[in-house]
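Have a look at the structure below before the remarks.
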Amino acid sequence: MVRLLVSTGEVSGDLQGSLLVKALHEEAARRSLPLDVVALGGSRMERAGARLLADTTKLGAIGLWEPIPLVIPTLKLQARVRRWLKQHPPDAVVLIDYMGANVNLGLRLRRLYPDVPITYYIAPQEWAFRLGDGGTTRLIGFTDRILAIFPEEASFYAARGAQVTWVGHPLIDTLQQRPTCQEARARLGLPAEAPVLLMLPASRRQELRYVLPPMAAAVALLQRDHPDLQVLLPAGLPGFEAVLAETMRAAGATAVRVIPAGEADGLRPLLCAAADAALTKSGTANLELALRGVPQVTGYRVSRPTAFLAKHVIHFNVAHISPVNLVLEERLVPELLQDDFTPDAILAALRPLFDPTSGARERVLEGYVRLRQKLGEPGVTRRAATAILEPFPGHPPCD
């Protein structure tokens with residue numbers, strides 16, 4: 001039995017981890033290789049066939065003050081993981097994104113088990129957000145192999161001496177189900193002709209406070225232009241539903257369907273197919289929307305102390321923050337950050353996407369075609385699973 005530890009965090013990591021866990025089990029079955037996947041992740045990974053050591057999806061935060069409430073739960077989790085590692089040495093380790101926690105875990109594992117292969121799959125995006133010459137490139141020191149999902153990521157780490165394989169972006173493997181707009185709206189019970197907006201504001205609790213309110217106010221303003229506008233609002237985590245509904249109601253937005261977190265995953269292809277446009281926080285969801293052909297406006301806000309620190313102390317300054325724009329190296333998708341992330345600015349960015357005479361939709365969709373060409377070919381997770389299980393051949397598959 002091969003024991004494989006897979007570590008990630010937050011909602012996006014759980015999604016990517018679940019796709020990988022499924023592929024790992026499929027590849028292990030092809031090799032007749034007994035496999036036990038133990039995970040730091042979430043319910044998606046558990047449903048895909050991992051034994052969940054701890055749920056890390058609620059431990060994500062960005063900023064100066066925002067992580068403070070999570071310090072004690074994180075320390076308790078780390079102590080539990082240390083005890084487990086000493087009692088159950090893994091045969092191999094896969095780290096998925098989740099920069100700070102996974103870098104610390106990787107360093108500890110290298111000290112404990114110097115011969116255990118460590119693979120970093122979806123490395124931190126320092127190729128895009130690198131500050132100076134420091135940073136997490138120290139992961140090269142404890143990682144045996146990096147499986148890159150972006151070409152720029154592969155080039156960045158290869159130039160610094162890492163063993164890198166570009167496998168492509170795993171979301172490519174999720175696009176088999178592509179219902180038409182008409183089919184999706186019929187199945188969701190939406191009016192066939194009404195404009196539909198998909199909102200994706202929060203996968204971290206802090207985003208309910210900083211990101212959701214200006215989005216909600218902008219939607220209420222947009223409904224003055226389009227009184228029949230329907231709003232689809234899936235919850236990013238269980239427990240978010242009541243806050244989402246109340247914030248939208250308080251802003252004056254109507255015709256809002258809040259979709260419980262437990263249902264949202266299964267409905268995702270339908271939600272994207274039914275939407276004319278999306279309003280979303282920056283992150284992995286931007287790529288998913290692009291690959292599913294949904295024009296979007298994206299943005300982000302953090303607390304004022306965090307924003308001040310980032311601007312005046314860390315001197316954080318990047319050309320783009322949305323993965324769509326980062327990969328294309330152009331401002332295809334409108335981005336609104338911090339003080340620019342206001343209801344009026346969001347409204348101004350959304351309006352052209354609902355105006356058939358503006359040409360905005362066509363320009364964005366053309367850019368999505370170019371983006372798709374840069375993200376690799378289907379079979380991403382199988383390529384990643386094959387590389388991860390390479391040290392454990394099992395019985396050679398018949399094919």
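Chain identifiers are assigned as A, B, and so on, following the order in which chains appear in the structure tokens; residues are numbered from 1 within each chain, and ligands are numbered from 1 in order of appearance.
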
Skip A:Ala220 itself and residues of its chain fewer than 5 positions away, then list as a PDB file with C-alpha atoms, in the first residue's frame all residues within 12 Å of it, counting only C-alpha atoms.
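As a result, part25.pdb now contains:
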ATOM      1  CA  LEU A 197     -25.834  37.657 -13.729  1.00  0.00           C
ATOM      2  CA  PRO A 213     -21.186  44.744  -0.071  1.00  0.00           C
ATOM      3  CA  PRO A 214     -19.930  46.823  -3.031  1.00  0.00           C
ATOM      4  CA  MET A 215     -20.907  43.984  -5.367  1.00  0.00           C
ATOM      5  CA  ASP A 225     -31.172  49.529 -16.017  1.00  0.00           C
ATOM      6  CA  HIS A 226     -32.440  45.946 -16.265  1.00  0.00           C
ATOM      7  CA  PRO A 227     -35.439  45.472 -13.925  1.00  0.00           C
ATOM      8  CA  ASP A 228     -35.822  41.862 -15.060  1.00  0.00           C
ATOM      9  CA  LEU A 229     -32.202  40.951 -14.188  1.00  0.00           C
ATOM     10  CA  GLN A 230     -31.925  37.552 -12.487  1.00  0.00           C
ATOM     11  CA  VAL A 231     -29.046  36.979 -10.062  1.00  0.00           C
ATOM     12  CA  THR A 247     -26.501  41.650   2.266  1.00  0.00           C
ATOM     13  CA  MET A 248     -28.225  41.482  -1.116  1.00  0.00           C
ATOM     14  CA  ARG A 249     -31.596  42.330   0.450  1.00  0.00           C
ATOM     15  CA  ALA A 250     -30.139  45.263   2.400  1.00  0.00           C
ATOM     16  CA  ALA A 251     -28.572  46.649  -0.786  1.00  0.00           C
ATOM     17  CA  GLY A 252     -31.928  46.572  -2.533  1.00  0.00           C
ATOM     18  CA  ALA A 253     -31.124  43.795  -5.003  1.00  0.00           C
ATOM     19  CA  THR A 254     -34.052  41.616  -6.064  1.00  0.00           C
ATOM     20  CA  ALA A 255     -34.590  38.348  -7.940  1.00  0.00           C
ATOM     21  CA  VAL A 256     -31.557  36.873  -6.169  1.00  0.00           C
ATOM     22  CA  PRO A 343     -20.514  50.205  -6.714  1.00  0.00           C
ATOM     23  CA  ASP A 344     -20.397  52.900  -9.396  1.00  0.00           C
ATOM     24  CA  ILE A 346     -18.464  47.995 -10.876  1.00  0.00           C
ATOM     25  CA  LEU A 347     -21.669  49.168 -12.561  1.00  0.00           C
TER      26      LEU A 347
END

Write out as a ChimeraX atom specification which residues come within 12 Å of A:Leu112 when counting only C-alpha atoms, dropping same-chain ones fewer than 6 positions away.
/A:82-83,85-90,105-106,142

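Using only C-alpha atoms, the contacts of A:Leu336 at a cut-off of 9 Å, with sequence neighbours closer than 5 positions omitted, comprise Val297, Thr298, Gly299, Tyr300, Arg301, Phe341, Thr342, Ala345 and Ile346 of chain A.
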
File of the preceding selection, all heavy atoms, as an mmCIF file, in the first residue's frame:
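Ended up saving to out_16.cif:
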data_model
loop_
_atom_site.group_PDB
_atom_site.id
_atom_site.type_symbol
_atom_site.label_atom_id
_atom_site.label_comp_id
_atom_site.auth_asym_id
_atom_site.auth_seq_id
_atom_site.Cartn_x
_atom_site.Cartn_y
_atom_site.Cartn_z
ATOM 1 N N VAL A 297 -16.572 40.663 -14.814
ATOM 2 C CA VAL A 297 -15.897 41.772 -14.148
ATOM 3 C C VAL A 297 -15.389 41.221 -12.830
ATOM 4 O O VAL A 297 -16.102 40.508 -12.126
ATOM 5 C CB VAL A 297 -16.855 42.944 -13.894
ATOM 6 C CG1 VAL A 297 -16.206 44.002 -13.001
ATOM 7 C CG2 VAL A 297 -17.309 43.557 -15.211
ATOM 8 N N THR A 298 -14.138 41.537 -12.493
ATOM 9 C CA THR A 298 -13.558 40.982 -11.278
ATOM 10 C C THR A 298 -12.943 42.084 -10.425
ATOM 11 O O THR A 298 -12.657 43.186 -10.921
ATOM 12 C CB THR A 298 -12.493 39.915 -11.615
ATOM 13 O OG1 THR A 298 -12.074 39.259 -10.424
ATOM 14 C CG2 THR A 298 -11.279 40.538 -12.284
ATOM 15 N N GLY A 299 -12.752 41.789 -9.160
ATOM 16 C CA GLY A 299 -12.156 42.776 -8.275
ATOM 17 C C GLY A 299 -11.869 42.198 -6.909
ATOM 18 O O GLY A 299 -12.162 41.031 -6.637
ATOM 19 N N TYR A 300 -11.296 43.047 -6.046
ATOM 20 C CA TYR A 300 -10.968 42.575 -4.700
ATOM 21 C C TYR A 300 -10.753 43.760 -3.775
ATOM 22 O O TYR A 300 -10.332 44.841 -4.197
ATOM 23 C CB TYR A 300 -9.696 41.719 -4.718
ATOM 24 C CG TYR A 300 -9.676 40.714 -3.589
ATOM 25 C CD1 TYR A 300 -10.422 39.553 -3.671
ATOM 26 C CD2 TYR A 300 -8.938 40.947 -2.423
ATOM 27 C CE1 TYR A 300 -10.439 38.633 -2.641
ATOM 28 C CE2 TYR A 300 -8.940 40.027 -1.382
ATOM 29 C CZ TYR A 300 -9.695 38.871 -1.507
ATOM 30 O OH TYR A 300 -9.713 37.967 -0.478
ATOM 31 N N ARG A 301 -11.078 43.523 -2.493
ATOM 32 C CA ARG A 301 -10.796 44.505 -1.445
ATOM 33 C C ARG A 301 -10.318 43.785 -0.200
ATOM 34 O O ARG A 301 -10.762 42.663 0.091
ATOM 35 C CB ARG A 301 -12.054 45.303 -1.085
ATOM 36 C CG ARG A 301 -12.456 46.351 -2.103
ATOM 37 C CD ARG A 301 -13.691 47.093 -1.636
ATOM 38 N NE ARG A 301 -13.420 47.944 -0.484
ATOM 39 C CZ ARG A 301 -14.379 48.567 0.219
ATOM 40 N NH1 ARG A 301 -15.652 48.406 -0.108
ATOM 41 N NH2 ARG A 301 -14.062 49.326 1.235
ATOM 42 N N PHE A 341 -12.731 49.684 -6.196
ATOM 43 C CA PHE A 341 -13.770 48.659 -6.167
ATOM 44 C C PHE A 341 -15.014 49.242 -5.495
ATOM 45 O O PHE A 341 -15.342 48.945 -4.345
ATOM 46 C CB PHE A 341 -13.252 47.425 -5.420
ATOM 47 C CG PHE A 341 -14.105 46.197 -5.569
ATOM 48 C CD1 PHE A 341 -14.306 45.613 -6.808
ATOM 49 C CD2 PHE A 341 -14.694 45.601 -4.460
ATOM 50 C CE1 PHE A 341 -15.081 44.473 -6.944
ATOM 51 C CE2 PHE A 341 -15.464 44.461 -4.578
ATOM 52 C CZ PHE A 341 -15.666 43.895 -5.825
ATOM 53 N N THR A 342 -15.702 50.113 -6.223
ATOM 54 C CA THR A 342 -16.881 50.808 -5.714
ATOM 55 C C THR A 342 -18.107 50.389 -6.518
ATOM 56 O O THR A 342 -17.982 49.914 -7.653
ATOM 57 C CB THR A 342 -16.708 52.325 -5.843
ATOM 58 O OG1 THR A 342 -16.647 52.665 -7.244
ATOM 59 C CG2 THR A 342 -15.438 52.798 -5.144
ATOM 60 N N ALA A 345 -18.171 52.085 -9.981
ATOM 61 C CA ALA A 345 -17.153 51.569 -10.908
ATOM 62 C C ALA A 345 -17.513 50.165 -11.386
ATOM 63 O O ALA A 345 -17.311 49.825 -12.564
ATOM 64 C CB ALA A 345 -15.792 51.568 -10.235
ATOM 65 N N ILE A 346 -18.032 49.348 -10.489
ATOM 66 C CA ILE A 346 -18.464 47.995 -10.876
ATOM 67 C C ILE A 346 -19.593 48.087 -11.895
ATOM 68 O O ILE A 346 -19.602 47.376 -12.906
ATOM 69 C CB ILE A 346 -18.907 47.189 -9.643
ATOM 70 C CG1 ILE A 346 -17.719 46.978 -8.690
ATOM 71 C CG2 ILE A 346 -19.490 45.835 -10.066
ATOM 72 C CD1 ILE A 346 -18.120 46.427 -7.330
#

10 Å contact set for A:Leu270, only C-alpha atoms, chain neighbours under 5 positions out, as a ChimeraX atom specification:
/A:177-181,183-188,264,275

Could those selected residues go to a file with N, CA and C atoms, as a tab-separated table (two decimals), in the first residue's frame?
chain	number	residue	atom	x	y	z
A	177	GLN	N	-18.97	18.82	-19.71
A	177	GLN	CA	-20.39	19.17	-19.65
A	177	GLN	C	-20.57	20.64	-20.05
A	178	ARG	N	-21.17	20.87	-21.20
A	178	ARG	CA	-21.37	22.25	-21.64
A	178	ARG	C	-22.80	22.40	-22.16
A	179	PRO	N	-23.78	22.51	-21.26
A	179	PRO	CA	-25.15	22.69	-21.70
A	179	PRO	C	-25.32	24.03	-22.40
A	180	THR	N	-26.32	24.12	-23.25
A	180	THR	CA	-26.62	25.39	-23.90
A	180	THR	C	-27.26	26.33	-22.89
A	181	CYS	N	-27.30	27.60	-23.24
A	181	CYS	CA	-27.94	28.59	-22.37
A	181	CYS	C	-29.42	28.26	-22.16
A	183	GLU	N	-30.93	25.32	-22.40
A	183	GLU	CA	-31.07	24.13	-21.56
A	183	GLU	C	-30.83	24.46	-20.10
A	184	ALA	N	-29.77	25.25	-19.84
A	184	ALA	CA	-29.43	25.59	-18.46
A	184	ALA	C	-30.54	26.40	-17.80
A	185	ARG	N	-31.07	27.38	-18.52
A	185	ARG	CA	-32.12	28.20	-17.92
A	185	ARG	C	-33.39	27.41	-17.68
A	186	ALA	N	-33.71	26.51	-18.58
A	186	ALA	CA	-34.89	25.67	-18.39
A	186	ALA	C	-34.73	24.79	-17.15
A	187	ARG	N	-33.55	24.20	-16.98
A	187	ARG	CA	-33.33	23.31	-15.83
A	187	ARG	C	-33.26	24.08	-14.51
A	188	LEU	N	-32.84	25.35	-14.58
A	188	LEU	CA	-32.77	26.17	-13.37
A	188	LEU	C	-34.07	26.93	-13.12
A	264	ALA	N	-24.03	23.88	-4.91
A	264	ALA	CA	-23.41	24.75	-5.90
A	264	ALA	C	-22.45	23.99	-6.82
A	275	ALA	N	-25.65	32.12	-17.48
A	275	ALA	CA	-25.31	33.51	-17.21
A	275	ALA	C	-24.90	34.27	-18.46

Looking only at the backbone, which of the residues in stretch 53-206 of chain A does DSSP tag as alpha helix (DSSP H), as a PyMOL selection string?
chain A and resi 71-87+99-112+126-129+139-142+151-158+181-188+205-206

Rank A:Val103, A:Ala274, A:Ile321, A:Leu212 by their smallest atom-to-atom distance to A:Ala192, using only C-alpha atoms, and report the top residue only.
A:Ala274

Which of stretch 98-310 of chain A counts as strand (DSSP E) under DSSP, as a ChimeraX atom specification please?
/A:118-121,145-148,164-166,196-200,230-234,256-259,277-281,296-300

Neighbours of A:Gly9 within 12 Å (only C-alpha atoms; same-chain residues fewer than 3 positions away dropped), as a VMD selection string?
chain A and resid 6 12 to 18 39 to 45 54 to 61 74 95 to 102 203 to 204

Minimum-distance residue to A:Arg268, chosen among A:Gln338, A:Ser303, A:Ser358, A:Thr174 (using only C-alpha atoms)
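Nearest candidate to A:Arg268 out of A:Gln338, A:Ser303, A:Ser358, A:Thr174: A:Thr174.
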
Selection: 12 Å around A:Gln373, only C-alpha atoms, excl. self and same-chain fewer than 5 positions, as a VMD selection string:
chain A and resid 150 to 151 168 to 169 172 290 to 291 327 to 328 366 to 368 378

Create the file for the chosen residues now, containing all heavy atoms and written as an mmCIF file, in the first residue's frame.
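Listed below is the output, part-v1.cif:
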data_model
loop_
_atom_site.group_PDB
_atom_site.id
_atom_site.type_symbol
_atom_site.label_atom_id
_atom_site.label_comp_id
_atom_site.auth_asym_id
_atom_site.auth_seq_id
_atom_site.Cartn_x
_atom_site.Cartn_y
_atom_site.Cartn_z
ATOM 1 N N PHE A 150 0.861 26.687 -15.497
ATOM 2 C CA PHE A 150 0.989 27.799 -16.438
ATOM 3 C C PHE A 150 2.365 27.730 -17.110
ATOM 4 O O PHE A 150 3.359 27.397 -16.450
ATOM 5 C CB PHE A 150 0.863 29.146 -15.734
ATOM 6 C CG PHE A 150 -0.456 29.396 -15.074
ATOM 7 C CD1 PHE A 150 -0.580 29.397 -13.703
ATOM 8 C CD2 PHE A 150 -1.591 29.639 -15.841
ATOM 9 C CE1 PHE A 150 -1.795 29.635 -13.083
ATOM 10 C CE2 PHE A 150 -2.817 29.878 -15.235
ATOM 11 C CZ PHE A 150 -2.922 29.878 -13.859
ATOM 12 N N PRO A 151 2.456 28.065 -18.389
ATOM 13 C CA PRO A 151 3.770 28.098 -19.035
ATOM 14 C C PRO A 151 4.746 29.040 -18.337
ATOM 15 O O PRO A 151 5.927 28.725 -18.185
ATOM 16 C CB PRO A 151 3.453 28.576 -20.460
ATOM 17 C CG PRO A 151 2.022 28.243 -20.681
ATOM 18 C CD PRO A 151 1.367 28.368 -19.334
ATOM 19 N N GLY A 168 -0.255 21.637 -17.794
ATOM 20 C CA GLY A 168 -1.456 22.331 -18.227
ATOM 21 C C GLY A 168 -2.356 22.619 -17.038
ATOM 22 O O GLY A 168 -2.090 22.200 -15.910
ATOM 23 N N HIS A 169 -3.428 23.360 -17.292
ATOM 24 C CA HIS A 169 -4.313 23.760 -16.191
ATOM 25 C C HIS A 169 -5.414 22.733 -15.974
ATOM 26 O O HIS A 169 -6.114 22.348 -16.908
ATOM 27 C CB HIS A 169 -4.945 25.131 -16.472
ATOM 28 C CG HIS A 169 -5.430 25.792 -15.226
ATOM 29 N ND1 HIS A 169 -6.559 25.371 -14.554
ATOM 30 C CD2 HIS A 169 -4.922 26.818 -14.501
ATOM 31 C CE1 HIS A 169 -6.731 26.117 -13.475
ATOM 32 N NE2 HIS A 169 -5.756 27.010 -13.427
ATOM 33 N N ILE A 172 -9.096 22.577 -17.442
ATOM 34 C CA ILE A 172 -9.332 22.089 -18.802
ATOM 35 C C ILE A 172 -10.091 20.766 -18.769
ATOM 36 O O ILE A 172 -10.913 20.474 -19.648
ATOM 37 C CB ILE A 172 -7.990 21.911 -19.548
ATOM 38 C CG1 ILE A 172 -7.314 23.270 -19.780
ATOM 39 C CG2 ILE A 172 -8.174 21.169 -20.871
ATOM 40 C CD1 ILE A 172 -8.013 24.157 -20.761
ATOM 41 N N ALA A 290 -13.823 32.016 -17.721
ATOM 42 C CA ALA A 290 -13.265 32.242 -19.052
ATOM 43 C C ALA A 290 -13.356 30.979 -19.905
ATOM 44 O O ALA A 290 -13.746 31.021 -21.073
ATOM 45 C CB ALA A 290 -11.818 32.709 -18.947
ATOM 46 N N LEU A 291 -13.000 29.841 -19.326
ATOM 47 C CA LEU A 291 -13.033 28.586 -20.068
ATOM 48 C C LEU A 291 -14.458 28.173 -20.418
ATOM 49 O O LEU A 291 -14.679 27.454 -21.396
ATOM 50 C CB LEU A 291 -12.342 27.481 -19.270
ATOM 51 C CG LEU A 291 -10.825 27.639 -19.129
ATOM 52 C CD1 LEU A 291 -10.259 26.637 -18.130
ATOM 53 C CD2 LEU A 291 -10.148 27.481 -20.484
ATOM 54 N N VAL A 327 -2.218 35.578 -17.441
ATOM 55 C CA VAL A 327 -1.782 34.642 -18.477
ATOM 56 C C VAL A 327 -1.677 35.338 -19.828
ATOM 57 O O VAL A 327 -0.733 35.123 -20.594
ATOM 58 C CB VAL A 327 -2.738 33.439 -18.551
ATOM 59 C CG1 VAL A 327 -2.403 32.542 -19.737
ATOM 60 C CG2 VAL A 327 -2.662 32.618 -17.258
ATOM 61 N N LEU A 328 -2.664 36.187 -20.150
ATOM 62 C CA LEU A 328 -2.674 36.875 -21.441
ATOM 63 C C LEU A 328 -1.737 38.083 -21.470
ATOM 64 O O LEU A 328 -1.434 38.601 -22.551
ATOM 65 C CB LEU A 328 -4.091 37.328 -21.772
ATOM 66 C CG LEU A 328 -5.084 36.226 -22.157
ATOM 67 C CD1 LEU A 328 -6.481 36.804 -22.313
ATOM 68 C CD2 LEU A 328 -4.652 35.524 -23.441
ATOM 69 N N GLU A 366 -13.360 36.715 -27.636
ATOM 70 C CA GLU A 366 -12.215 36.486 -28.523
ATOM 71 C C GLU A 366 -10.946 36.287 -27.698
ATOM 72 O O GLU A 366 -10.096 35.426 -28.000
ATOM 73 C CB GLU A 366 -12.054 37.672 -29.471
ATOM 74 C CG GLU A 366 -10.918 37.529 -30.484
ATOM 75 C CD GLU A 366 -9.559 37.959 -29.939
ATOM 76 O OE1 GLU A 366 -9.524 38.848 -29.056
ATOM 77 O OE2 GLU A 366 -8.533 37.387 -30.366
ATOM 78 N N GLY A 367 -10.801 37.062 -26.631
ATOM 79 C CA GLY A 367 -9.648 36.901 -25.753
ATOM 80 C C GLY A 367 -9.646 35.555 -25.047
ATOM 81 O O GLY A 367 -8.588 34.962 -24.827
ATOM 82 N N TYR A 368 -10.832 35.066 -24.706
ATOM 83 C CA TYR A 368 -10.930 33.758 -24.060
ATOM 84 C C TYR A 368 -10.399 32.645 -24.976
ATOM 85 O O TYR A 368 -9.842 31.655 -24.492
ATOM 86 C CB TYR A 368 -12.379 33.450 -23.695
ATOM 87 C CG TYR A 368 -12.913 34.196 -22.495
ATOM 88 C CD1 TYR A 368 -14.278 34.126 -22.167
ATOM 89 C CD2 TYR A 368 -12.098 34.964 -21.671
ATOM 90 C CE1 TYR A 368 -14.795 34.783 -21.067
ATOM 91 C CE2 TYR A 368 -12.613 35.634 -20.574
ATOM 92 C CZ TYR A 368 -13.963 35.538 -20.275
ATOM 93 O OH TYR A 368 -14.477 36.194 -19.181
ATOM 94 N N PRO A 378 -6.436 18.670 -22.866
ATOM 95 C CA PRO A 378 -7.095 17.793 -21.882
ATOM 96 C C PRO A 378 -6.194 16.639 -21.461
ATOM 97 O O PRO A 378 -5.257 16.259 -22.160
ATOM 98 C CB PRO A 378 -8.327 17.299 -22.648
ATOM 99 C CG PRO A 378 -8.598 18.353 -23.664
ATOM 100 C CD PRO A 378 -7.251 18.879 -24.075
#

Polymer residues at most 12 Å from A:Glu152, only C-alpha atoms, same-chain spacing of 2 or more positions, as a list in words:
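Everything that qualifies: Ala123, Gln125, Glu126, Trp127, Ala128, Ala148, Ile149, Phe150, Ala154, Ser155, Phe156, Tyr157, Ala158, Ala159, Val164, Thr165, Trp166, Gly168, Pro323, Leu326, Val327, Leu328, Glu329, Lys374 and Leu375 of chain A.
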
Using only N, CA, C and O atoms, please write the residues we just selected to a file, as a JSON list (two decimals), in the first residue's frame.
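Here's the written file result-v6.json:
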[["chain", "number", "residue", "atom", "x", "y", "z"],
["A", 123, "ALA", "N", 2.21, 25.45, -7.97],
["A", 123, "ALA", "CA", 3.10, 26.19, -7.07],
["A", 123, "ALA", "C", 2.56, 27.60, -6.84],
["A", 123, "ALA", "O", 1.76, 28.12, -7.63],
["A", 125, "GLN", "N", 2.02, 31.49, -6.97],
["A", 125, "GLN", "CA", 2.12, 32.28, -8.19],
["A", 125, "GLN", "C", 3.13, 33.42, -8.06],
["A", 125, "GLN", "O", 2.85, 34.56, -8.40],
["A", 126, "GLU", "N", 4.32, 33.09, -7.58],
["A", 126, "GLU", "CA", 5.32, 34.15, -7.47],
["A", 126, "GLU", "C", 5.89, 34.54, -8.82],
["A", 126, "GLU", "O", 6.55, 35.58, -8.93],
["A", 127, "TRP", "N", 5.65, 33.73, -9.85],
["A", 127, "TRP", "CA", 6.02, 34.18, -11.19],
["A", 127, "TRP", "C", 5.23, 35.43, -11.57],
["A", 127, "TRP", "O", 5.67, 36.23, -12.38],
["A", 128, "ALA", "N", 4.06, 35.61, -10.92],
["A", 128, "ALA", "CA", 3.24, 36.78, -11.21],
["A", 128, "ALA", "C", 3.34, 37.86, -10.13],
["A", 128, "ALA", "O", 3.30, 39.05, -10.44],
["A", 148, "ALA", "N", 3.87, 22.26, -13.14],
["A", 148, "ALA", "CA", 3.37, 23.61, -13.38],
["A", 148, "ALA", "C", 2.09, 23.59, -14.20],
["A", 148, "ALA", "O", 1.93, 22.76, -15.09],
["A", 149, "ILE", "N", 1.19, 24.52, -13.90],
["A", 149, "ILE", "CA", -0.07, 24.59, -14.64],
["A", 149, "ILE", "C", -0.09, 25.76, -15.63],
["A", 149, "ILE", "O", -0.97, 25.83, -16.48],
["A", 150, "PHE", "N", 0.86, 26.69, -15.50],
["A", 150, "PHE", "CA", 0.99, 27.80, -16.44],
["A", 150, "PHE", "C", 2.36, 27.73, -17.11],
["A", 150, "PHE", "O", 3.36, 27.40, -16.45],
["A", 154, "ALA", "N", 6.20, 27.44, -15.27],
["A", 154, "ALA", "CA", 7.24, 26.46, -15.60],
["A", 154, "ALA", "C", 8.55, 27.15, -15.92],
["A", 154, "ALA", "O", 9.62, 26.76, -15.43],
["A", 155, "SER", "N", 8.50, 28.21, -16.71],
["A", 155, "SER", "CA", 9.72, 28.94, -17.09],
["A", 155, "SER", "C", 10.38, 29.58, -15.87],
["A", 155, "SER", "O", 11.61, 29.56, -15.72],
["A", 156, "PHE", "N", 9.57, 30.14, -15.00],
["A", 156, "PHE", "CA", 10.08, 30.83, -13.80],
["A", 156, "PHE", "C", 10.90, 29.88, -12.94],
["A", 156, "PHE", "O", 12.04, 30.17, -12.55],
["A", 157, "TYR", "N", 10.34, 28.72, -12.63],
["A", 157, "TYR", "CA", 11.03, 27.79, -11.72],
["A", 157, "TYR", "C", 12.16, 27.05, -12.43],
["A", 157, "TYR", "O", 13.19, 26.75, -11.81],
["A", 158, "ALA", "N", 12.00, 26.73, -13.70],
["A", 158, "ALA", "CA", 13.08, 26.06, -14.43],
["A", 158, "ALA", "C", 14.31, 26.96, -14.49],
["A", 158, "ALA", "O", 15.45, 26.48, -14.36],
["A", 159, "ALA", "N", 14.10, 28.26, -14.66],
["A", 159, "ALA", "CA", 15.23, 29.19, -14.73],
["A", 159, "ALA", "C", 15.98, 29.29, -13.41],
["A", 159, "ALA", "O", 17.13, 29.75, -13.37],
["A", 164, "VAL", "N", 11.07, 20.82, -13.45],
["A", 164, "VAL", "CA", 9.71, 21.28, -13.72],
["A", 164, "VAL", "C", 9.12, 20.54, -14.92],
["A", 164, "VAL", "O", 9.80, 20.32, -15.92],
["A", 165, "THR", "N", 7.85, 20.19, -14.78],
["A", 165, "THR", "CA", 7.08, 19.66, -15.91],
["A", 165, "THR", "C", 5.81, 20.48, -16.04],
["A", 165, "THR", "O", 5.08, 20.67, -15.06],
["A", 166, "TRP", "N", 5.57, 21.02, -17.22],
["A", 166, "TRP", "CA", 4.31, 21.74, -17.46],
["A", 166, "TRP", "C", 3.25, 20.73, -17.88],
["A", 166, "TRP", "O", 3.39, 20.05, -18.90],
["A", 168, "GLY", "N", -0.25, 21.64, -17.79],
["A", 168, "GLY", "CA", -1.46, 22.33, -18.23],
["A", 168, "GLY", "C", -2.36, 22.62, -17.04],
["A", 168, "GLY", "O", -2.09, 22.20, -15.91],
["A", 323, "PRO", "N", -6.13, 35.94, -12.85],
["A", 323, "PRO", "CA", -5.36, 34.95, -13.62],
["A", 323, "PRO", "C", -5.57, 35.06, -15.13],
["A", 323, "PRO", "O", -4.65, 34.79, -15.90],
["A", 326, "LEU", "N", -3.33, 37.85, -16.20],
["A", 326, "LEU", "CA", -1.93, 37.47, -15.97],
["A", 326, "LEU", "C", -1.41, 36.57, -17.08],
["A", 326, "LEU", "O", -0.31, 36.76, -17.59],
["A", 327, "VAL", "N", -2.22, 35.58, -17.44],
["A", 327, "VAL", "CA", -1.78, 34.64, -18.48],
["A", 327, "VAL", "C", -1.68, 35.34, -19.83],
["A", 327, "VAL", "O", -0.73, 35.12, -20.59],
["A", 328, "LEU", "N", -2.66, 36.19, -20.15],
["A", 328, "LEU", "CA", -2.67, 36.88, -21.44],
["A", 328, "LEU", "C", -1.74, 38.08, -21.47],
["A", 328, "LEU", "O", -1.43, 38.60, -22.55],
["A", 329, "GLU", "N", -1.33, 38.53, -20.28],
["A", 329, "GLU", "CA", -0.48, 39.73, -20.17],
["A", 329, "GLU", "C", -1.14, 40.94, -20.82],
["A", 329, "GLU", "O", -0.50, 41.74, -21.50],
["A", 374, "LYS", "N", -3.48, 28.78, -24.39],
["A", 374, "LYS", "CA", -2.27, 28.86, -23.56],
["A", 374, "LYS", "C", -2.33, 27.98, -22.33],
["A", 374, "LYS", "O", -1.38, 27.96, -21.53],
["A", 375, "LEU", "N", -3.42, 27.24, -22.15],
["A", 375, "LEU", "CA", -3.60, 26.48, -20.91],
["A", 375, "LEU", "C", -3.43, 24.97, -21.09],
["A", 375, "LEU", "O", -3.72, 24.21, -20.17]]

Let me make sure I understand: among A:Tyr121, A:Gln78, A:Arg111, A:Ala307, which one has the smallest atom-to-atom distance to A:Thr8 if we use only C-alpha atoms?
A:Tyr121

Atomic separation - atom CA of A:Glu153 relative to atom CA of A:Arg3, Å:
28.1 Å

Given the choices A:Leu309, A:Leu350, A:Ala360, A:Ile122, which gets closest to A:Leu332 if the distance is worked out from only C-alpha atoms?
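Using only C-alpha atoms, the shortest distance to A:Leu332 belongs to A:Ala360.
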
What separation in Å, quoted to one decimal, exists between atom CA of A:Leu237 and atom CA of A:Ala50?
19.5 Å
